Structure formats: structure tokens, C-alpha cells
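Data block below; observations after.
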Amino acid sequence: MLPSTLAAKVKPAAPRRPEIMLLANYAQEIRRLSIASIYRAGSGHPGGSLSCSDILACLYGAELYIPRDNPETDNRDRFILSKGHAAPALYAAWAAAGLLPVDVALSLRKLGSRAQGHPHVVETPLAETSTGSLGQGFSVAMGMALALQHMRRPVRVYAMLGDGECQEGEVWEAAMSAAHFGLSNLCAIVDYNKLQSDDRNATIMGIEPLNAKFRAFGWAVHEVDGHDLTQILSALSVARQEQGRPCLVIAHTVKGKGVPYMEDQPAWHGSVKLTREQAASALEALQTGANLITELLDGK
């Protein structure tokens, strides 16, 4: 069921079942490629990559306007992964959508690879800006939205933040500016998995009440289950209709979603080296066949 704040505003048509099934398969593929690339790299951030996979599937599978025959057109929608450490999921989303060769996505963090540990605006296709230093990507997204508004272009800008990232002061400067300039072409999404590098957000530095804080800054705010594809799509649809103010989607997620031994465990945030047994177990949990597991992990 949609949150009352969302349902009361508009009742968008429910996505058709075949579309939801396709997006669910897309999200699974993002998770599989993320695990495989992190294993091959020998390091990476699995927890936050898995938690945001359903959101990325909805964005790249249904929401963003990015022509496949001309993905760099000026009229494309912009997406910035402000939580740049989830780059494995971003590369996987591009690869699963045919925007990036799969072998490039699987070359994560390799010397000379375009798929570096954080998105790089020069080396990485479709990266709108380099991200990694938390808070900066959101600020760039705000600036892009402001410029596009001045140019009167019908282009939308999306930014995905981590919940731990919301502890950065720069996030709140951008939030204040976006509301001041009435950037209804800006939609931010918080991957709210409640964990960060060392522990739970509430232990490190609590960010609640996140909803009320953004509302106080002048944003429209909606909360959804970040693993319910219908809720995500509906929230994005509502955000697209917003006038005169930016919109935030708080997506409640589970860190490490889809891999039981990783779920809701701070230890799997990042800087981890997966053993082959751990990677294979994760892929099995993601309903990956034995032959595909061998192909993804061993390149055979």
C-alpha cells in the first residue's frame, strides 16, 4: 500500500504486471553483476550496491529518458549517483540495459578500466560527474537542475544519496538552494538502509526526522518501500508532476538485499574481499544457475 502522503496526491495507474516482472529480473541482474564485479576486483561495496538495485532498475528501466541510440543527447535526463561507492550497481545497471559492455562492468577497479571504484566523468560512460566525496554529487545535481531550468529545457535531474551521506553539511546547503530556486525538475532519492560504514546511522549520527527536515526545507517528500517496484514507480510518477519545488523520495531499503548473510550487516558495507565461496553463495541466493555462476566468477 502506498503511503498516505503519496496516495492522497495522485493515483497513478498501477504498472502492468509484465513490466514489474521485467524490472524485477533487471534488478536481479544488477545484483548478480555487482557481486561478480566486486569478487573479480577483490574489493568493493556490496551492501549499498544491493540495497539500491531495485531503485536503479526502476530509474533505468522505466523512468529516465535516455535514448539507447543516442545516450549522450543534450535532451537526456540526468542521473547522478551521489553515493558513488555503489558504482558496481551503477555499472551493472548500465550493462544490463545495454548501455555498457558487460565485460567493462566486470572489470571494476582494474588498472586502466573505465569502471573505476567510483564513477569518473571522463572515463565512465554516462557518468554526469565524478562522485565519491559524499555530498558533492547532490550539489552538482542541484546545479544541473538550476542550469536546465534557466535554459527552459524539459529535462529532469535525479540524484541518489546514501542515508549516511545525509550527515554531510553540503547536502543541506544543496537542499536549501534547490527549494529556494523552486527546482521541480530535481528528484532526489535516499537509499535509506539505516547503515553506514562502521555501524548504524542512529549510532554514528542520527538523521531523523529525515522526512520532516526536508519538508521544513521546502521539499515535497514521499516515503516508499525501496524494494517494492510498484511503490518506487508511483513515487517517481508523482515527483514528475510536482510544480514549484523539488521532490525527495525516501526509499526504505535493506543493506545487502537479496543475500541473506549480508542483509542488515554493517560489515558488508564496503572495503571487503569476497572469497569465491562467499561470491558463489551470494549468486546462488540471487537464483543464479551453476553455469552462469562459473561464467560470472571465472570468466568461463
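By convention in this document, the chains of the C-alpha cells carry letters A, B, ... by their order, each chain's residues are numbered from 1, and ligands are numbered from 1 in the order they are shown.
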
Q.
Give me, as a ChimeraX atom specification, all polymer residues having an atom no more than 10 Å from Ala92 of chain A, counting only C-alpha atoms and skipping those fewer than 3 positions away in the same chain.
A. /A:26-27,29-37,49,53,56,87-89,95-102,104-106

If you count only C-alpha atoms, which residues fall within 8 Å of segment 199-205 of chain A, apart from same-chain ones fewer than 2 positions away, as a PyMOL selection string? chain A and resi 163-164+167+194-197+207+266

Selection: 9 Å around Gly137 of chain A, only C-alpha atoms, excl. self and same-chain fewer than 6 positions, as a VMD selection string
chain A and resid 80 to 84 129 to 131 159 to 161

My list of candidates is A:Gln241, A:Gln278, A:Thr294, A:Ser271. Which is closest to Ser184 of chain A when distances are computed with only C-alpha atoms?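 Under the stated criterion, the closest residue is A:Gln241.
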
If you count only C-alpha atoms, the residue of A:Glu165, A:Asp69, A:Asp198, A:Asp191 closest to Ala267 of chain A turns out to be A:Asp198

Atom CA of Cys58 of chain A sits from atom CA of Asn25 of chain A at a separation of 11.2 Å

DSSP-assigned strand (DSSP E or B) members of segment 6-198 of chain A, reported as a list of chain:residue names: A:Arg78, A:Phe79, A:Ile80, A:Leu81, A:Val157, A:Tyr158, A:Ala159, A:Met160, A:Leu161, A:Gly162, A:Leu186, A:Cys187, A:Ala188, A:Ile189, A:Val190, A:Asp191, A:Tyr192, A:Leu195

Separating atom CA of His227 of chain A from atom CA of Thr253 of chain A, to the nearest tenth of an Å, is a gap of 6.4 Å

Cys187 of chain A surroundings by only C-alpha atoms, 12 Å radius, close-in-sequence under 6 positions cut, as an NGL selection string: :A and (59 or 63-64 or 77-80 or 138 or 141-142 or 144-145 or 155-161 or 175 or 178-179 or 219-222 or 235-243 or 245-250)

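Between Ala115 of chain A and the residues A:Ile38, A:Pro154, A:Leu183, A:Val224, the shortest atom-to-atom distance, using only C-alpha atoms, involves A:Ile38.
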
Taking only C-alpha atoms into account, name the residue in A:Arg40, A:Arg153, A:Glu208, A:Arg68 that is nearest to Asp103 of chain A.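 Ranking A:Arg40, A:Arg153, A:Glu208, A:Arg68 by distance to Asp103 of chain A, first place goes to A:Arg40.
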
- Taking the chain letters and numbering used in this document, name the residues of segment 188-229 of chain A that DSSP puts in helix (DSSP H, G or I), as a PyMOL selection string. chain A and resi 201-205+210-216+229

Writing out the chosen residues with C-alpha atoms as a short mmCIF file (atom, residue, chain, number, x, y, z; two decimals), in the first residue's frame:
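The resulting file, part_10.cif, is shown below:
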```cif
data_model
loop_
_atom_site.label_atom_id
_atom_site.label_comp_id
_atom_site.auth_asym_id
_atom_site.auth_seq_id
_atom_site.Cartn_x
_atom_site.Cartn_y
_atom_site.Cartn_z
CA ASN A 201 23.29 5.66 11.32
CA ALA A 202 21.49 6.17 14.61
CA THR A 203 24.67 5.25 16.48
CA ILE A 204 27.10 7.29 14.39
CA MET A 205 24.93 10.38 13.94
CA LEU A 210 14.54 12.98 7.72
CA ASN A 211 11.08 13.45 6.26
CA ALA A 212 10.28 16.46 8.44
CA LYS A 213 13.70 18.05 7.85
CA PHE A 214 13.35 18.04 4.06
CA ARG A 215 9.76 19.26 4.32
CA ALA A 216 10.98 22.12 6.50
CA LEU A 229 8.84 -1.73 -7.57
#
```

*asked:* One number please: atom CA of Arg114 of chain A to atom CA of Gly299 of chain A, in Å, one decimal.
replied: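 Rounded to one decimal, the two atoms are 18.5 Å apart.
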